[in-house]
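J.: model05.txt is the file, holding compact mmCIF, C-alpha atoms:
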```txt
# COMPACT_ATOMS: atom_id res chain seq x y z
CA ARG A 34 28.11 10.87 5.86
CA GLN A 35 28.16 7.81 8.03
CA ALA A 36 26.25 5.80 10.61
CA HIS A 37 27.79 5.11 14.01
CA VAL A 38 26.73 1.86 15.72
CA ARG A 39 26.40 1.86 19.50
CA GLY A 40 24.84 -0.33 22.17
CA GLY A 41 23.49 -3.83 21.76
CA LYS A 42 23.83 -5.24 25.28
CA GLN A 43 20.94 -7.67 25.76
CA PRO A 44 18.71 -7.48 28.87
CA THR A 45 18.43 -10.39 31.29
CA GLY A 46 16.11 -13.09 29.96
CA ASN A 47 16.82 -12.39 26.27
CA LEU A 48 20.30 -13.84 25.74
CA MET A 49 19.49 -16.38 23.03
CA THR A 50 19.63 -15.81 19.28
CA PRO A 51 16.73 -13.49 18.44
CA LYS A 52 13.72 -14.81 16.59
CA ILE A 53 12.80 -11.27 15.53
CA SER A 54 14.95 -8.30 14.62
CA ILE A 55 12.93 -5.13 15.22
CA ILE A 56 14.11 -2.09 13.25
CA ILE A 57 12.85 1.37 14.20
CA VAL A 58 13.74 4.26 11.89
CA HIS A 59 13.52 7.38 14.03
CA TRP A 60 13.45 11.15 13.58
CA ASN A 61 12.66 13.64 16.34
CA VAL A 62 9.88 11.89 18.30
CA ARG A 63 11.82 11.12 21.48
CA GLU A 64 8.90 10.63 23.85
CA LEU A 65 7.04 8.33 21.47
CA LEU A 66 10.23 6.35 20.92
CA ARG A 67 10.69 6.04 24.69
CA GLN A 68 7.16 4.68 25.06
CA ASN A 69 7.68 2.32 22.12
CA LEU A 70 10.88 0.85 23.57
CA ALA A 71 9.46 0.58 27.08
CA ARG A 72 6.48 -1.36 25.72
CA LEU A 73 8.71 -3.64 23.65
CA PHE A 74 10.89 -4.59 26.59
CA SER A 75 7.84 -5.24 28.75
CA LEU A 76 7.05 -7.98 26.21
CA ARG A 77 10.49 -9.54 26.06
CA GLU A 78 9.43 -12.78 27.76
CA GLU A 79 6.98 -13.54 24.92
CA ILE A 80 9.66 -14.15 22.26
CA PRO A 81 13.41 -13.49 21.93
CA PHE A 82 14.09 -10.34 19.92
CA GLU A 83 16.70 -7.69 19.28
CA VAL A 84 16.01 -4.01 18.64
CA PHE A 85 17.75 -1.57 16.31
CA VAL A 86 17.06 2.15 16.36
CA VAL A 87 18.37 4.00 13.34
CA ASP A 88 18.35 7.71 14.10
CA ASN A 89 18.27 10.09 11.15
CA ALA A 90 20.07 13.08 12.69
CA SER A 91 17.47 13.90 15.34
CA GLU A 92 17.91 17.10 17.34
CA ASP A 93 15.65 16.28 20.31
CA GLY A 94 18.08 14.34 22.52
CA SER A 95 16.62 10.99 21.53
CA THR A 96 19.96 9.26 20.97
CA GLN A 97 21.12 10.22 24.46
CA MET A 98 17.82 8.92 25.85
CA VAL A 99 18.26 5.55 24.12
CA ARG A 100 21.85 5.20 25.36
CA GLN A 101 20.94 6.01 28.94
CA GLU A 102 17.60 4.21 29.32
CA PHE A 103 17.85 1.32 26.82
CA PRO A 104 21.55 0.40 26.57
CA TRP A 105 20.72 -3.00 25.06
CA VAL A 106 19.25 -1.34 21.96
CA GLN A 107 21.60 -1.33 18.98
CA LEU A 108 21.71 2.33 18.03
CA LEU A 109 22.79 3.47 14.58
CA ILE A 110 23.28 7.23 14.40
CA ASN A 111 23.27 8.97 11.03
CA ASP A 112 24.70 12.44 10.71
CA TRP A 113 22.11 13.24 8.04
CA ASN A 114 18.46 12.37 7.39
CA ALA A 115 18.92 9.28 5.26
CA GLY A 116 15.21 8.55 4.78
CA PHE A 117 13.42 5.31 5.56
CA ALA A 118 14.80 2.82 3.04
CA VAL A 119 18.46 3.71 3.53
CA ALA A 120 18.08 3.52 7.31
CA MET A 121 16.29 0.16 7.12
CA ASN A 122 19.07 -1.30 5.01
CA GLN A 123 21.72 -0.03 7.44
CA ALA A 124 20.14 -2.03 10.27
CA LEU A 125 19.36 -5.07 8.11
CA ARG A 126 23.09 -5.54 7.53
CA HIS A 127 23.45 -6.24 11.26
CA ALA A 128 20.16 -8.05 11.99
CA ARG A 129 20.24 -11.72 13.10
CA GLY A 130 16.57 -12.59 13.50
CA GLU A 131 14.55 -15.20 11.63
CA VAL A 132 11.95 -12.47 11.05
CA LEU A 133 12.81 -8.87 10.18
CA LEU A 134 10.29 -6.30 11.39
CA ALA A 135 10.00 -2.67 10.28
CA LEU A 136 8.31 -0.80 13.15
CA ASN A 137 7.51 2.91 13.26
CA PRO A 138 8.71 4.83 16.34
CA ASP A 139 5.18 6.05 17.14
CA MET A 140 3.80 2.52 17.65
CA LEU A 141 2.89 0.60 20.79
CA VAL A 142 3.01 -3.16 20.17
CA GLY A 143 0.18 -5.20 21.66
CA GLU A 144 0.53 -8.39 23.67
CA GLN A 145 1.35 -11.51 21.62
CA THR A 146 1.67 -9.42 18.44
CA LEU A 147 5.35 -10.19 17.93
CA ALA A 148 4.87 -13.90 18.58
CA ARG A 149 1.84 -14.04 16.29
CA ALA A 150 3.66 -12.32 13.43
CA TRP A 151 6.63 -14.68 13.85
CA GLU A 152 4.28 -17.68 13.87
CA ALA A 153 2.39 -16.55 10.75
CA LEU A 154 5.65 -16.32 8.82
CA MET A 155 7.54 -19.32 10.19
CA MET A 156 4.63 -21.78 10.12
CA HIS A 157 3.54 -20.89 6.57
CA PRO A 158 6.34 -20.91 3.96
CA ASN A 159 4.06 -19.43 1.30
CA ILE A 160 3.59 -16.25 3.36
CA GLY A 161 6.46 -13.82 2.90
CA ALA A 162 5.29 -10.65 4.65
CA VAL A 163 2.84 -9.88 7.44
CA GLY A 164 1.03 -6.85 8.81
CA VAL A 165 -1.33 -6.64 11.80
CA LYS A 166 -4.37 -4.64 12.88
CA LEU A 167 -3.58 -1.02 13.74
CA ARG A 168 -5.61 1.11 16.10
CA ALA A 169 -5.42 4.83 16.86
CA GLN A 170 -4.93 6.15 20.38
CA ASP A 171 -8.71 6.42 20.81
CA GLY A 172 -9.14 2.75 19.86
CA SER A 173 -10.54 3.38 16.38
CA LEU A 174 -9.31 1.31 13.45
CA VAL A 175 -6.45 2.68 11.35
CA PRO A 176 -6.89 1.43 7.75
CA SER A 177 -3.63 -0.33 6.93
CA VAL A 178 -4.39 -2.47 3.87
CA ARG A 179 -4.43 -1.16 0.32
CA ARG A 180 -4.45 -2.53 -3.19
CA ASP A 181 -1.73 -1.82 -5.73
CA PRO A 182 -1.80 1.77 -6.98
CA SER A 183 -3.13 2.50 -10.46
CA PHE A 184 -2.41 5.61 -12.49
CA ALA A 185 -6.05 6.73 -12.21
CA ASP A 186 -6.32 6.58 -8.43
CA GLN A 187 -2.90 8.12 -7.81
CA LEU A 188 -3.61 10.97 -10.23
CA ALA A 189 -6.87 11.63 -8.38
CA ILE A 190 -4.98 11.76 -5.08
CA LEU A 191 -2.25 13.96 -6.54
CA LEU A 192 -4.81 16.45 -7.87
CA LYS A 193 -6.83 16.35 -4.61
CA LEU A 194 -9.89 14.93 -6.37
CA PRO A 195 -10.40 11.60 -4.59
CA HIS A 196 -14.08 12.15 -3.75
CA LEU A 197 -15.44 13.02 -7.18
CA GLY A 198 -17.40 10.50 -9.28
CA MET A 199 -15.21 8.00 -11.09
CA ALA A 200 -12.19 9.18 -9.10
CA LYS A 201 -13.90 8.10 -5.88
CA ARG A 202 -14.51 4.60 -7.25
CA ALA A 203 -10.83 4.38 -8.20
CA THR A 204 -9.56 5.61 -4.85
CA ASP A 205 -12.00 3.41 -2.93
CA ARG A 206 -10.55 0.41 -4.78
CA TYR A 207 -7.01 1.55 -3.95
CA HIS A 208 -7.85 2.23 -0.29
CA ALA A 209 -9.61 -1.18 -0.05
CA THR A 210 -12.66 0.39 1.59
CA ASP A 211 -14.40 -3.00 1.33
CA MET A 212 -11.73 -4.65 3.49
CA ASP A 213 -12.97 -6.74 6.43
CA TYR A 214 -10.42 -5.97 9.14
CA GLY A 215 -11.89 -8.64 11.39
CA LEU A 216 -10.67 -11.40 9.07
CA THR A 217 -7.09 -12.65 8.65
CA GLN A 218 -6.50 -12.78 4.91
CA VAL A 219 -4.11 -12.48 1.97
CA VAL A 220 -3.86 -8.89 0.71
CA GLU A 221 -1.83 -6.92 -1.81
CA GLN A 222 -0.04 -4.60 0.59
CA VAL A 223 0.14 -3.59 4.26
CA ARG A 224 1.50 -0.41 5.76
CA GLY A 225 5.21 -0.25 6.47
CA SER A 226 4.58 0.99 10.02
CA PHE A 227 4.44 -2.72 11.01
CA LEU A 228 5.81 -4.92 8.24
CA ALA A 229 7.40 -8.27 9.09
CA VAL A 230 9.35 -10.31 6.51
CA ARG A 231 10.92 -13.75 6.92
CA ARG A 232 14.70 -13.81 6.48
CA ASP A 233 14.74 -16.29 3.60
CA VAL A 234 12.23 -14.08 1.76
CA PHE A 235 14.46 -11.06 2.37
CA ARG A 236 17.36 -12.95 0.83
CA VAL A 237 15.29 -13.46 -2.33
CA VAL A 238 13.63 -10.03 -2.49
CA GLY A 239 16.67 -8.05 -1.40
CA PRO A 240 17.06 -4.75 0.47
CA TRP A 241 14.60 -1.86 0.44
CA ASP A 242 14.77 0.35 -2.65
CA GLU A 243 16.73 3.41 -1.60
CA ARG A 244 15.30 5.56 -4.40
CA PHE A 245 12.27 6.01 -2.14
CA PHE A 246 13.13 8.48 0.62
CA ILE A 247 9.67 8.13 2.14
CA TRP A 248 6.30 6.99 0.74
CA PHE A 249 5.80 4.08 -1.67
CA GLU A 250 8.79 2.18 -0.23
CA ASP A 251 6.44 -0.22 1.56
CA VAL A 252 4.16 -0.43 -1.51
CA ASP A 253 7.20 -1.36 -3.57
CA TYR A 254 8.44 -3.93 -1.04
CA CYS A 255 5.10 -5.72 -0.74
CA ARG A 256 4.88 -5.90 -4.51
CA ARG A 257 8.38 -7.33 -4.72
CA VAL A 258 7.47 -9.98 -2.13
CA ARG A 259 4.51 -11.02 -4.28
CA GLU A 260 6.55 -10.91 -7.48
CA ALA A 261 8.96 -13.36 -5.82
CA GLY A 262 6.08 -15.82 -5.40
CA TYR A 263 5.10 -15.20 -1.76
CA GLN A 264 1.89 -13.91 -0.21
CA VAL A 265 1.36 -10.81 1.92
CA GLN A 266 -0.95 -11.53 4.87
CA TYR A 267 -2.95 -9.25 7.14
CA VAL A 268 -3.35 -10.76 10.63
CA ALA A 269 -6.54 -9.65 12.39
CA ASP A 270 -6.25 -11.18 15.86
CA VAL A 271 -3.37 -9.05 17.22
CA SER A 272 -2.77 -5.33 17.03
CA CYS A 273 -0.62 -2.27 17.64
CA GLN A 274 -1.51 1.25 18.66
CA ASP A 275 -0.42 3.66 15.94
CA ALA A 276 -0.02 7.41 16.52
CA VAL A 277 0.08 7.74 12.69
CA GLY A 278 2.90 9.74 11.18
CA ARG A 279 4.02 11.86 14.12
CA SER A 280 7.57 12.18 12.77
CA PHE A 281 6.46 13.45 9.40
CA ALA A 282 3.90 15.80 10.93
CA GLN A 283 6.90 18.06 11.66
CA VAL A 284 7.69 18.47 7.96
CA SER A 285 6.32 21.35 5.88
CA THR A 286 3.49 20.65 3.46
CA ALA A 287 5.64 21.78 0.54
CA ARG A 288 8.32 19.23 1.37
CA LYS A 289 5.74 16.50 1.95
CA GLN A 290 4.22 17.20 -1.46
CA ARG A 291 7.64 17.14 -3.11
CA LEU A 292 8.63 13.83 -1.52
CA PHE A 293 5.24 12.24 -2.17
CA THR A 294 5.21 13.26 -5.85
CA GLN A 295 8.82 12.16 -6.38
CA SER A 296 8.14 8.76 -4.83
CA MET A 297 4.97 8.32 -6.88
CA ALA A 298 6.85 9.13 -10.09
CA ARG A 299 9.60 6.66 -9.19
CA TYR A 300 7.05 3.97 -8.42
CA PHE A 301 5.33 4.36 -11.80
CA GLY A 302 8.69 4.52 -13.55
CA LYS A 303 9.64 1.21 -11.92
CA TRP A 304 6.37 -0.74 -12.20
CA HIS A 305 4.34 0.92 -14.95
CA SER A 306 4.91 2.97 -18.10
CA ALA A 307 7.48 5.70 -18.64
CA TRP A 308 4.77 8.07 -19.88
CA GLN A 309 2.89 7.71 -16.60
CA ALA A 310 5.99 8.55 -14.60
CA THR A 311 6.65 11.52 -16.90
CA ILE A 312 3.16 12.91 -16.33
CA VAL A 313 3.59 12.62 -12.55
CA TRP A 314 6.96 14.39 -12.76
CA THR A 315 5.31 17.28 -14.65
CA PHE A 316 3.02 17.87 -11.68
CA LEU A 317 5.95 18.23 -9.26
CA PRO A 318 6.29 22.05 -9.45
CA LEU A 319 2.52 22.45 -9.06
CA THR A 320 2.36 20.24 -5.97
CA ILE A 321 5.29 22.07 -4.35
CA VAL A 322 3.69 25.47 -5.00
CA ALA A 323 0.34 24.24 -3.65
CA GLY A 324 2.08 22.91 -0.55
CA ALA A 325 3.95 26.19 -0.03
CA MET A 326 0.69 28.13 -0.29
CA THR A 327 -0.84 25.83 2.33
CA ASP A 328 2.15 26.42 4.62
CA LEU A 329 1.82 30.20 4.15
CA PHE A 330 -1.90 30.08 4.92
CA HIS A 331 -1.33 28.11 8.13
CA SER A 332 1.54 30.35 9.23
CA ARG A 333 -0.62 33.44 8.83
CA ARG A 334 -3.44 31.85 10.79
CA THR A 335 -1.09 31.00 13.67
```
Would you mind giving the structure from this file in structure tokens?

T.:
Amino acid sequence: RQAHVRGGKQPTGNLMTPKISIIIVHWNVRELLRQNLARLFSLREEIPFEVFVVDNASEDGSTQMVRQEFPWVQLLINDWNAGFAVAMNQALRHARGEVLLALNPDMLVGEQTLARAWEALMMHPNIGAVGVKLRAQDGSLVPSVRRDPSFADQLAILLKLPHLGMAKRATDRYHATDMDYGLTQVVEQVRGSFLAVRRDVFRVVGPWDERFFIWFEDVDYCRRVREAGYQVQYVADVSCQDAVGRSFAQVSTARKQRLFTQSMARYFGKWHSAWQATIVWTFLPLTIVAGAMTDLFHSRRT
């Protein structure tokens, strides 16, 4: 298994050392990736940046599209689905920017968003990571700020009981339902679909934890930023359009449940008590079976 690096020719007007390294981990959403890259390069006069696309063995012709239409993109091609954290770290080994940005392939970056994220990090040494306002395709707000997970709220989510009594209070706390998205503020975590980190903070915090294939890797990274003594900031005055998880929508419910439960167990094993992680692991077979039954139900309906 290996990653092949291709491309990297910079477009006219962006020849200087990049201020931002944008890293897009991609899997089988070619048209959304095309729109993402086209939007990015329409903004290239705002701030110097470089773009990496790490492709996790897509089968939709996306790597050929990137080579042909965006030859200045630095394309890393995996011959297996390496997951998010591994792919991020592959690109980070080549990145040169003062700010390192994880950007989902199904995003459209708004005007001045890149410059504003760079400014928030470079002008404020106490801030180590930044997220911005996310909006759906219809313009509605996409909640992107959460508090640190607790065993109670994650167990409620795992058992599909987030709306019942005390469980609802726990999950509302976790989902930060009282968050004022109109106000720039310090938060506990932001979604990894747009997560910018200053390079000197990355040197302290280190690479993404590759034990997380998907889910909880951004939760873990924001917590590590804070543990290192920096703040995580949500910036309210710029935004991105987020199609929300279009890559992973292609994955079966059973596999989603398996990956989600595994990542949750690894998170609690890392940050909480071993007994909590053990309890989550015991639910793994149940969540897989429940997911498989959901897949069967949907397949029969269609």

J.: Mind pulling up the distance from atom CA of A:Gly172 to atom CA of A:Gln274?

T.: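 Atom CA of A:Gln274 sits 7.9 Å away from atom CA of A:Gly172.
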
J.: One number please: atom CA of A:Ser91 to atom CA of A:His59, in Å, one decimal.

T.: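 Atom-to-atom, atom CA of A:Ser91 and atom CA of A:His59 are spaced 7.7 Å apart.
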
J.: Pick the closest to A:Met156 from A:Arg231, A:Lys193, A:Lys201, A:Arg168: which is it, counting all atoms listed in the file?

T.: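 With all atoms listed in the file as the atom set, the closest residue is A:Arg231.
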
J.: Please write as a list in words the list of polymer residues whose atoms come within 12 Å of (22.2, 14.5, 7.1), counting only C-alpha atoms and keeping to the coordinates of the file.

T.: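 Nearby residues: Arg34, Gln35, Ala36, Trp60, Asp88, Asn89, Ala90, Ser91, Glu92, Ile110, Asn111, Asp112, Trp113, Asn114, Ala115, Gly116, Val119 and Ala120 of chain A.
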
J.: Considering all atoms listed in the file, can you say which of A:Arg129, A:Arg224, A:Arg291, A:Arg180 comes closest to A:His208?

T.: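 The shortest atom-to-atom distance to A:His208 comes from A:Arg180.
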
J.: In Å, how far is it from atom CA of A:Leu109 to atom CA of A:Gln97?

T.: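 Atom CA of A:Gln97 lies 12.1 Å from atom CA of A:Leu109.
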